[in-house]
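File shown here: run.cif, holding mmCIF, C-alpha atoms.
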data_query
loop_
_atom_site.label_atom_id
_atom_site.label_comp_id
_atom_site.auth_asym_id
_atom_site.auth_seq_id
_atom_site.Cartn_x
_atom_site.Cartn_y
_atom_site.Cartn_z
CA MET J 139 0.00 0.00 0.00
CA GLN J 140 1.39 3.37 -1.02
CA ARG J 141 1.36 6.20 1.51
CA ASN J 142 2.11 9.88 1.18
CA ILE J 143 5.41 11.02 2.69
CA SER J 144 5.18 14.34 4.52
CA GLN J 145 8.76 14.78 5.79
CA LEU J 146 12.25 13.47 5.02
CA ASN J 147 15.43 13.97 7.00
CA PHE J 148 18.94 12.55 6.90
CA LEU J 149 21.00 11.66 9.96
CA GLN J 150 24.38 12.29 8.37
CA ARG J 151 26.56 11.04 11.23
CA ARG J 152 24.56 7.86 11.64
CA SER J 153 23.85 7.11 7.95
CA LEU J 154 20.11 6.96 8.54
CA LEU J 155 17.10 8.28 6.64
CA ILE J 156 13.89 9.25 8.43
CA SER J 157 10.59 9.34 6.56
CA CYS J 158 7.34 10.64 8.07
CA TYR J 159 3.89 9.89 6.72
CA GLU J 160 0.39 11.27 6.55
CA ASP J 161 -0.88 8.34 8.62
CA GLY J 162 1.23 9.54 11.58
CA SER J 163 4.01 6.94 11.36
CA ILE J 164 7.79 7.44 11.28
CA ILE J 165 10.12 4.97 9.56
CA ILE J 166 13.90 4.86 10.00
CA TRP J 167 16.01 3.41 7.19
CA SER J 168 19.70 2.58 6.85
CA LEU J 169 21.47 4.43 4.04
CA ASN J 170 23.93 1.55 3.89
CA LEU J 171 21.09 -0.76 2.82
CA ILE J 172 19.38 1.67 0.46
CA SER J 173 20.04 -0.55 -2.58
CA ASN J 174 18.00 -3.28 -0.88
CA PRO J 175 15.69 -1.16 1.26
CA LYS J 176 14.27 -2.58 4.46
CA TYR J 177 13.34 -0.33 7.31
CA LEU J 178 15.05 -0.65 10.68
CA PHE J 179 12.38 0.87 12.92
CA LYS J 180 8.78 1.96 12.65
CA LEU J 181 7.56 4.47 15.24
CA ARG J 182 3.89 5.11 15.80
CA LYS J 183 2.18 7.38 18.32
CA HIS J 184 0.71 10.26 16.33
CA MET J 185 -2.93 9.80 15.34
CA GLN J 186 -2.82 12.11 12.32
CA ALA J 187 -0.36 13.34 9.68
CA ILE J 188 3.12 14.42 10.71
CA SER J 189 3.58 18.01 9.55
CA SER J 190 7.11 18.77 10.76
CA MET J 191 10.17 17.04 12.13
CA VAL J 192 13.59 18.08 13.43
CA VAL J 193 16.60 16.14 14.70
CA HIS J 194 18.86 17.04 17.63
CA PRO J 195 21.84 18.70 15.89
CA LEU J 196 24.63 17.32 18.08
CA LYS J 197 24.25 13.56 18.52
CA GLU J 198 21.28 12.92 16.24
CA ASP J 199 19.74 10.63 18.86
CA LEU J 200 16.59 12.69 19.43
CA ILE J 201 13.80 13.06 16.86
CA ILE J 202 11.07 15.65 17.47
CA SER J 203 7.86 15.40 15.46
CA GLY J 204 4.85 17.71 15.18
CA SER J 205 1.46 16.57 13.95
CA PHE J 206 -2.03 17.54 12.88
CA ASP J 207 -3.17 15.73 16.05
CA LYS J 208 -2.01 18.87 17.98
CA THR J 209 0.91 17.11 19.71
CA ILE J 210 4.71 17.24 19.65
CA ASN J 211 6.50 13.94 20.35
CA PHE J 212 10.11 13.41 21.45
CA TRP J 213 11.75 10.16 20.30
CA LEU J 214 15.05 9.20 21.97
CA ASP J 215 17.46 6.44 20.98
CA GLN J 216 18.07 4.83 24.37
CA SER J 217 20.63 2.31 23.20
CA SER J 218 24.08 1.92 24.72
CA PRO J 219 27.33 1.79 22.69
CA SER J 220 27.23 -2.01 22.85
CA SER J 221 23.55 -2.46 21.91
CA GLN J 222 21.35 -1.79 18.92
CA SER J 223 19.23 1.33 18.59
CA GLN J 224 16.09 1.46 20.72
CA TRP J 225 13.90 4.41 19.78
CA GLN J 226 11.23 5.29 22.34
CA CYS J 227 8.78 8.17 22.72
CA ILE J 228 9.92 9.77 25.97
CA GLN J 229 7.68 12.85 26.07
CA THR J 230 4.58 14.39 24.48
CA ILE J 231 3.69 18.08 24.57
CA ASN J 232 0.03 18.84 23.97
CA GLN J 233 -0.13 22.59 24.56
CA HIS J 234 -1.21 23.47 21.02
CA GLN J 235 -4.98 23.79 20.66
CA ASP J 236 -5.01 22.98 16.95
CA LEU J 237 -2.80 21.60 14.15
CA VAL J 238 0.98 21.87 14.63
CA TYR J 239 2.54 23.32 11.47
CA GLY J 240 6.24 24.03 12.05
CA LEU J 241 9.21 23.14 14.27
CA SER J 242 12.74 24.49 14.60
CA ILE J 243 15.59 23.63 16.98
CA ASN J 244 18.65 25.79 17.63
CA LYS J 245 22.27 24.76 17.00
CA GLU J 246 22.90 23.81 20.64
CA GLY J 247 19.81 21.62 20.68
CA ASN J 248 18.40 23.18 23.86
CA THR J 249 15.63 25.44 22.52
CA LEU J 250 12.69 24.36 20.36
CA LEU J 251 10.16 26.52 18.52
CA SER J 252 6.73 25.44 17.32
CA CYS J 253 3.89 27.19 15.50
CA GLY J 254 0.41 26.07 14.59
CA LYS J 255 -3.12 26.82 13.55
CA ASP J 256 -4.00 28.07 17.06
CA ASN J 257 -2.29 31.45 16.50
CA GLN J 258 0.57 30.94 18.92
CA ILE J 259 4.28 30.19 19.08
CA LEU J 260 5.61 27.88 21.79
CA ILE J 261 9.20 28.27 22.95
CA MET J 262 10.49 25.19 24.79
CA GLN J 263 13.78 24.45 26.52
CA GLY J 264 15.28 21.10 27.43
CA SER J 265 17.92 18.57 26.47
CA ARG J 266 18.36 14.96 25.48
CA GLN J 267 18.53 13.96 29.16
CA MET J 268 16.01 16.40 30.68
CA GLU J 269 12.31 16.91 30.06
CA TRP J 270 11.34 19.76 27.76
CA GLN J 271 9.47 22.63 29.39
CA ILE J 272 7.50 25.47 27.83
CA LYS J 273 9.30 28.71 28.64
CA GLN J 274 7.22 31.18 26.64
CA LYS J 275 3.99 31.42 24.65
CA ILE J 276 3.65 34.15 22.03
CA LYS J 277 0.12 35.06 20.99
CA LEU J 278 -0.29 35.97 17.31
CA ASP J 279 -2.80 37.85 15.20
CA GLY J 280 -3.06 34.89 12.83
CA GLU J 281 -1.68 31.46 12.02
CA GLY J 282 1.55 30.68 10.20
CA TYR J 283 3.13 27.69 8.50
CA ARG J 284 6.85 28.39 8.88
CA ILE J 285 9.23 29.13 11.74
CA GLY J 286 13.01 28.90 11.98
CA PHE J 287 16.03 29.90 14.05
CA ILE J 288 18.51 32.31 12.47
CA THR J 289 20.77 32.57 15.52
CA ASN J 290 20.22 31.54 19.14
CA ARG J 291 18.89 35.06 19.77
CA LEU J 292 16.88 35.56 16.60
CA PHE J 293 14.17 33.60 14.79
CA ALA J 294 11.80 34.18 11.89
CA PHE J 295 8.10 33.39 11.66
CA GLN J 296 6.16 33.58 8.41
CA SER J 297 2.46 34.19 8.85
CA ARG J 298 -0.31 32.95 6.63
CA ILE J 299 -2.60 35.56 8.17
CA PRO J 300 -1.73 38.41 7.69
CA ARG J 301 -0.45 37.64 4.19
CA ASN J 302 3.05 38.22 2.87
CA ARG J 303 4.64 39.00 6.22
CA LEU J 304 7.82 37.58 7.75
CA PHE J 305 8.20 38.50 11.42
CA LEU J 306 11.54 38.59 13.27
CA TYR J 307 11.75 37.91 17.00
CA GLN J 308 14.80 38.72 19.14
CA LEU J 309 15.80 37.55 22.61
CA ASP J 310 15.79 40.23 25.31
CA GLU J 311 18.93 39.64 27.38
CA ASN J 312 17.34 41.09 30.52
CA THR J 313 14.05 39.18 30.54
CA GLN J 314 15.29 36.17 28.53
CA MET J 315 12.06 36.41 26.53
CA PHE J 316 11.64 36.78 22.78
CA ASN J 317 10.02 39.99 21.53
CA LYS J 318 8.95 41.00 18.04
CA LEU J 319 11.73 43.00 16.42
CA GLN J 320 10.34 43.88 12.99
CA ASP J 321 8.47 42.48 10.02
CA VAL J 322 9.61 42.08 6.43
CA ILE J 323 7.33 42.12 3.39
CA VAL J 324 7.73 39.00 1.23
CA GLU J 325 6.18 38.20 -2.14
CA GLY J 326 4.10 35.22 -3.19
CA VAL J 327 0.47 35.27 -2.07
CA GLY J 328 -2.22 37.32 -3.79
CA GLY J 329 -5.47 36.97 -5.68
CA ASN J 330 -6.40 33.29 -5.85
CA GLN J 331 -2.90 32.11 -4.94
CA THR J 332 -2.83 30.25 -1.62
CA CYS J 333 0.06 28.80 0.36
CA ALA J 334 0.72 25.29 1.68
CA ILE J 335 2.87 23.74 4.38
CA PHE J 336 5.79 21.27 4.00
CA PHE J 337 8.51 23.74 2.92
CA PRO J 338 10.26 24.90 6.13
CA LEU J 339 12.21 28.13 6.48
CA VAL J 340 15.91 27.51 5.80
CA TYR J 341 18.74 29.73 7.03
CA ILE J 342 22.11 29.29 5.30
CA ASP J 343 24.58 30.33 7.97
CA ASN J 344 27.72 30.59 5.82
CA LYS J 345 25.92 32.86 3.35
CA GLN J 346 23.67 34.68 5.84
CA ILE J 347 20.66 34.05 3.60
CA LEU J 348 17.16 33.12 4.73
CA ILE J 349 15.04 31.15 2.25
CA SER J 350 11.32 31.61 2.65
CA LYS J 351 8.66 29.97 0.49
CA ASN J 352 5.43 31.95 0.20
CA GLY J 353 2.63 30.96 -2.17
CA GLN J 354 4.08 30.53 -5.65
CA LYS J 355 7.41 32.20 -4.87
CA VAL J 356 10.64 31.48 -3.02
CA ASN J 357 12.20 34.57 -1.43
CA LEU J 358 15.91 34.88 -0.67
CA ILE J 359 16.60 37.40 2.09
CA LYS J 360 20.12 38.58 2.92
CA LEU J 361 20.85 39.34 6.57
CA THR J 362 23.51 41.81 7.67
CA PHE J 363 24.38 41.87 11.37
CA SER J 364 25.85 44.77 13.33
CA GLN J 365 26.15 45.57 17.03
CA SER J 366 23.17 47.91 16.91
CA ASN J 367 20.73 46.10 14.62
CA GLN J 368 20.08 43.61 11.84
CA LEU J 369 19.39 44.57 8.24
CA PHE J 370 17.21 42.46 5.95
CA ASN J 371 17.42 42.84 2.19
CA GLN J 372 15.38 40.72 -0.22
CA ILE J 373 17.94 39.90 -2.90
CA GLN J 374 15.97 37.51 -5.13
CA THR J 375 12.48 36.16 -5.70
CA ILE J 376 11.94 33.01 -7.76
CA ASP J 377 8.45 32.84 -9.28
CA TYR J 378 7.18 29.33 -10.09
CA GLY J 379 3.88 30.51 -11.57
CA PHE J 380 0.39 30.02 -10.21
CA GLN J 381 0.09 26.90 -8.04
CA PRO J 382 -3.59 25.85 -7.63
CA ASN J 383 -3.08 24.40 -4.15
CA GLY J 384 0.10 26.23 -3.22
CA TRP J 385 2.03 23.01 -3.81
CA LEU J 386 5.60 24.21 -4.03
CA PHE J 387 7.97 22.12 -1.95
CA GLY J 388 11.72 22.11 -1.53
CA THR J 389 14.87 22.33 0.54
CA VAL J 390 18.51 23.43 0.39
CA THR J 391 21.69 21.37 0.62
CA GLN J 392 23.63 21.71 3.87
CA ASP J 393 26.34 23.85 2.25
CA GLY J 394 23.72 26.15 0.75
CA GLU J 395 24.98 25.60 -2.79
CA TYR J 396 21.83 24.04 -4.26
CA LEU J 397 18.12 24.78 -3.99
CA ILE J 398 15.92 21.79 -4.88
CA THR J 399 12.20 22.28 -5.52
CA TRP J 400 9.14 20.53 -6.93
CA ASP J 401 6.00 22.43 -7.91
CA GLN J 402 2.52 21.42 -8.99
CA LYS J 403 2.55 23.47 -12.20
CA SER J 404 5.69 22.05 -13.82
CA LYS J 405 5.59 18.69 -12.01
CA ASN J 406 9.38 18.71 -12.27
CA ILE J 407 12.20 18.62 -9.76
CA GLN J 408 14.25 21.77 -10.35
CA ILE J 409 17.79 22.29 -9.07
CA ARG J 410 19.32 25.76 -8.86
CA SER J 411 22.93 26.52 -7.93
CA TYR J 412 24.05 29.46 -5.83
CA GLN J 413 26.08 32.17 -7.53
CA GLU J 414 27.60 35.03 -5.58
CA LYS J 415 26.91 38.41 -7.10
CA ILE J 416 29.94 40.66 -6.89
CA ILE J 417 29.27 44.37 -7.20
CA LYS J 418 32.28 46.36 -8.33
CA GLN J 419 32.39 49.98 -7.26
CA GLU J 420 33.76 52.47 -9.75
CA GLN J 421 36.73 54.44 -8.58
CA ASN J 422 36.66 58.20 -8.99
#
Mind turning this structure into structure tokens?
Amino acid sequence: MQRNISQLNFLQRRSLLISCYEDGSIIIWSLNLISNPKYLFKLRKHMQAISSMVVHPLKEDLIISGSFDKTINFWLDQSSPSSQSQWQCIQTINQHQDLVYGLSINKEGNTLLSCGKDNQILIMQGSRQMEWQIKQKIKLDGEGYRIGFITNRLFAFQSRIPRNRLFLYQLDENTQMFNKLQDVIVEGVGGNQTCAIFFPLVYIDNKQILISKNGQKVNLIKLTFSQSNQLFNQIQTIDYGFQPNGWLFGTVTQDGEYLITWDQKSKNIQIRSYQEKIIKQEQN
């Protein structure tokens, strides 16, 4: 029986592939056996489709999944160095009142963001060994599909309502709470064009570029950091043409050199390579 895949993720250090499905299941595969595929583990706790998934960035032994069933599950590999992997659901957070749309974890793996249809952002802190606790709830004017860390002190949230807005939140060093810093206008939704989930925000650290899908367009936003503020400059917009259901999906390679997309209109996988634009200033 064929099932729709909603999320894919690679565990580079462990040579594993994780696939998530619309029936709520998670399957873990070995990349070493990909020529003769047979899954290693099947995890099942969600009751509805898995909408988002992140992996702990340090040891890759913690999988965090968000679902349309309003829950966030934490799956830990509890094996020892001498035993085989033993993935278990160690915690469930059920503080969202509606569908969970997006997840993001910071580089240290101790802060997790989530957004959903219930018009709120949850900010959670924890670790692989300790239970995750909700530190902050941010009430929103509308729902959003995409959320992502830029630095430990800065994250972006793209709203679906209001349209065409990317909001930046910054950590206040005194209160240790995130506050809205500014919003950036992005292109992509208008007229009959809608947007869809399953294309997370991606920040390319070595290029300081944030990639944000919105409707039928992918926006590339250049970030410039200074001691006093951050500057955001939209440097490119890729228009894929009208997408009846907003079905434009994609990701970026880890080095940020290639953007891979699939869209409903062309029904093709498209690969674009990054090219640095060098602006030469004329000398007087």
Extract, using all atoms listed in the file, all DNA, RNA and protein residues at most 9 Å from Gly282 in chain J, discarding same-chain residues fewer than 3 positions from it, and format them as a short mmCIF file (atom, residue, chain, number, x, y, z; two decimals) with C-alpha atoms, in the coordinates of the input.
data_model
loop_
_atom_site.label_atom_id
_atom_site.label_comp_id
_atom_site.auth_asym_id
_atom_site.auth_seq_id
_atom_site.Cartn_x
_atom_site.Cartn_y
_atom_site.Cartn_z
CA TYR J 239 2.54 23.32 11.47
CA GLY J 240 6.24 24.03 12.05
CA CYS J 253 3.89 27.19 15.50
CA GLY J 254 0.41 26.07 14.59
CA LYS J 255 -3.12 26.82 13.55
CA ASN J 257 -2.29 31.45 16.50
CA GLN J 258 0.57 30.94 18.92
CA ILE J 285 9.23 29.13 11.74
CA PHE J 295 8.10 33.39 11.66
CA GLN J 296 6.16 33.58 8.41
CA SER J 297 2.46 34.19 8.85
CA ARG J 298 -0.31 32.95 6.63
CA ILE J 299 -2.60 35.56 8.17
CA PRO J 300 -1.73 38.41 7.69
#
| field | Picked residues, the PyMOL selection byres ((chain J and resi 248) around 12), expected as a PyMOL selection string | value | chain J and resi 193-196+200+242-247+249-251+261-273+290
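If only C-alpha atoms are the atoms counted, then among J:Glu325, J:Ser157, J:Asn170, J:Tyr177 the closest residue to Ile201 in chain J is J:Ser157.
In this structure, CA of Thr391 in chain J sits 24.7 Å away from CA of Trp213 in chain J.
As for CA of Tyr378 in chain J and CA of Ile409 in chain J, they are spaced 12.8 Å apart.
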| task | Run the PyMOL selection byres ((chain J and resi 328-345) around 8) on the file and write out the hits as a ChimeraX atom specification. | result | /J:144-145,189-190,239-240,283-288,298,326-327,346-354,380-390,392-394
| query | In Å, with one decimal, what is the gap from CA of Lys403 in chain J to CA of Gly379 in chain J? | reply | 7.2 Å
| request: Tell me which protein, DNA and RNA residues are within 6 Å of Ile259 in chain J, counting all atoms listed in the file, leaving out same-chain ones fewer than 4 positions away, and put them as a ChimeraX atom specification. | output: /J:252-253,275-276
Just C-alpha atoms for this one: save the residues we selected as an mmCIF file, in the coordinates of the input.
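Saved the output as result_21.cif:
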data_model
loop_
_atom_site.group_PDB
_atom_site.id
_atom_site.type_symbol
_atom_site.label_atom_id
_atom_site.label_comp_id
_atom_site.auth_asym_id
_atom_site.auth_seq_id
_atom_site.Cartn_x
_atom_site.Cartn_y
_atom_site.Cartn_z
ATOM 1 C CA SER J 252 6.730 25.440 17.320
ATOM 2 C CA CYS J 253 3.890 27.190 15.500
ATOM 3 C CA LYS J 275 3.990 31.420 24.650
ATOM 4 C CA ILE J 276 3.650 34.150 22.030
#
| request: Can you pull out every residue within 7 Å of Gln186 in chain J, counting all atoms listed in the file, but drop anything in the same chain fewer than 3 positions away, and send it as number ranges by chain? | output: J: 160-162, 205-207
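For the structure shown here, the set of residues caught by the PyMOL selection byres ((chain J and resi 167) around 6) is Leu154, Leu155, Ile166, Ser168, Tyr177 and Leu178 of chain J.
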With 6 Å on each side, where is the centre of the axis-aligned box around all listed atoms of range 386-395 of chain J, and how long are its edges in Å to one decimal, as JSON?
{"center_x": 16.0, "center_y": 23.8, "center_z": -0.1, "size_x": 32.7, "size_y": 16.8, "size_z": 19.9}
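Distances from J:Lys208, J:Arg151, J:Lys415, J:Lys183 to Ile228 in chain J were compared using all atoms listed in the file, and the smallest one belongs to J:Lys183.
Among the candidates J:Lys360, J:Lys277, J:Arg141, J:Arg182, the one nearest to His234 in chain J when counting only C-alpha atoms is J:Lys277.
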N, CA and C atoms are what I want for range 323-341 of chain J; can you complete it accordingly and write them as an mmCIF file, in the coordinates of the input?
data_model
loop_
_atom_site.group_PDB
_atom_site.id
_atom_site.type_symbol
_atom_site.label_atom_id
_atom_site.label_comp_id
_atom_site.auth_asym_id
_atom_site.auth_seq_id
_atom_site.Cartn_x
_atom_site.Cartn_y
_atom_site.Cartn_z
ATOM 1 N N ILE J 323 8.301 42.466 4.422
ATOM 2 C CA ILE J 323 7.330 42.120 3.390
ATOM 3 C C ILE J 323 7.967 41.115 2.432
ATOM 4 N N VAL J 324 7.265 40.007 2.184
ATOM 5 C CA VAL J 324 7.730 39.000 1.230
ATOM 6 C C VAL J 324 6.665 38.812 0.150
ATOM 7 N N GLU J 325 7.092 38.375 -1.019
ATOM 8 C CA GLU J 325 6.180 38.200 -2.140
ATOM 9 C C GLU J 325 5.653 36.762 -2.200
ATOM 10 N N GLY J 326 4.516 36.587 -2.912
ATOM 11 C CA GLY J 326 4.100 35.220 -3.190
ATOM 12 C C GLY J 326 2.636 34.910 -3.128
ATOM 13 N N VAL J 327 1.881 35.582 -2.236
ATOM 14 C CA VAL J 327 0.470 35.270 -2.070
ATOM 15 C C VAL J 327 -0.364 36.472 -2.472
ATOM 16 N N GLY J 328 -1.337 36.250 -3.357
ATOM 17 C CA GLY J 328 -2.220 37.320 -3.790
ATOM 18 C C GLY J 328 -3.270 36.775 -4.732
ATOM 19 N N GLY J 329 -4.409 37.453 -4.817
ATOM 20 C CA GLY J 329 -5.470 36.970 -5.680
ATOM 21 C C GLY J 329 -5.958 35.606 -5.242
ATOM 22 N N ASN J 330 -5.958 34.656 -6.167
ATOM 23 C CA ASN J 330 -6.400 33.290 -5.850
ATOM 24 C C ASN J 330 -5.261 32.391 -5.390
ATOM 25 N N GLN J 331 -4.041 32.932 -5.323
ATOM 26 C CA GLN J 331 -2.900 32.110 -4.940
ATOM 27 C C GLN J 331 -2.893 31.874 -3.433
ATOM 28 N N THR J 332 -2.904 30.616 -3.031
ATOM 29 C CA THR J 332 -2.830 30.250 -1.620
ATOM 30 C C THR J 332 -1.424 29.744 -1.308
ATOM 31 N N CYS J 333 -1.226 29.359 -0.054
ATOM 32 C CA CYS J 333 0.060 28.800 0.360
ATOM 33 C C CYS J 333 -0.200 27.431 0.988
ATOM 34 N N ALA J 334 0.838 26.628 1.086
ATOM 35 C CA ALA J 334 0.720 25.290 1.680
ATOM 36 C C ALA J 334 1.925 25.042 2.581
ATOM 37 N N ILE J 335 1.777 24.076 3.467
ATOM 38 C CA ILE J 335 2.870 23.740 4.380
ATOM 39 C C ILE J 335 3.877 22.825 3.679
ATOM 40 N N PHE J 336 4.796 22.245 4.465
ATOM 41 C CA PHE J 336 5.790 21.270 4.000
ATOM 42 C C PHE J 336 6.945 21.891 3.219
ATOM 43 N N PHE J 337 7.277 23.147 3.454
ATOM 44 C CA PHE J 337 8.510 23.740 2.920
ATOM 45 C C PHE J 337 9.042 24.657 4.016
ATOM 46 N N PRO J 338 9.831 24.116 4.965
ATOM 47 C CA PRO J 338 10.260 24.900 6.130
ATOM 48 C C PRO J 338 11.160 26.074 5.730
ATOM 49 N N LEU J 339 11.211 27.075 6.619
ATOM 50 C CA LEU J 339 12.210 28.130 6.480
ATOM 51 C C LEU J 339 13.597 27.504 6.578
ATOM 52 N N VAL J 340 14.528 28.004 5.770
ATOM 53 C CA VAL J 340 15.910 27.510 5.800
ATOM 54 C C VAL J 340 16.837 28.709 5.907
ATOM 55 N N TYR J 341 17.723 28.690 6.910
ATOM 56 C CA TYR J 341 18.740 29.730 7.030
ATOM 57 C C TYR J 341 20.099 29.144 6.697
#
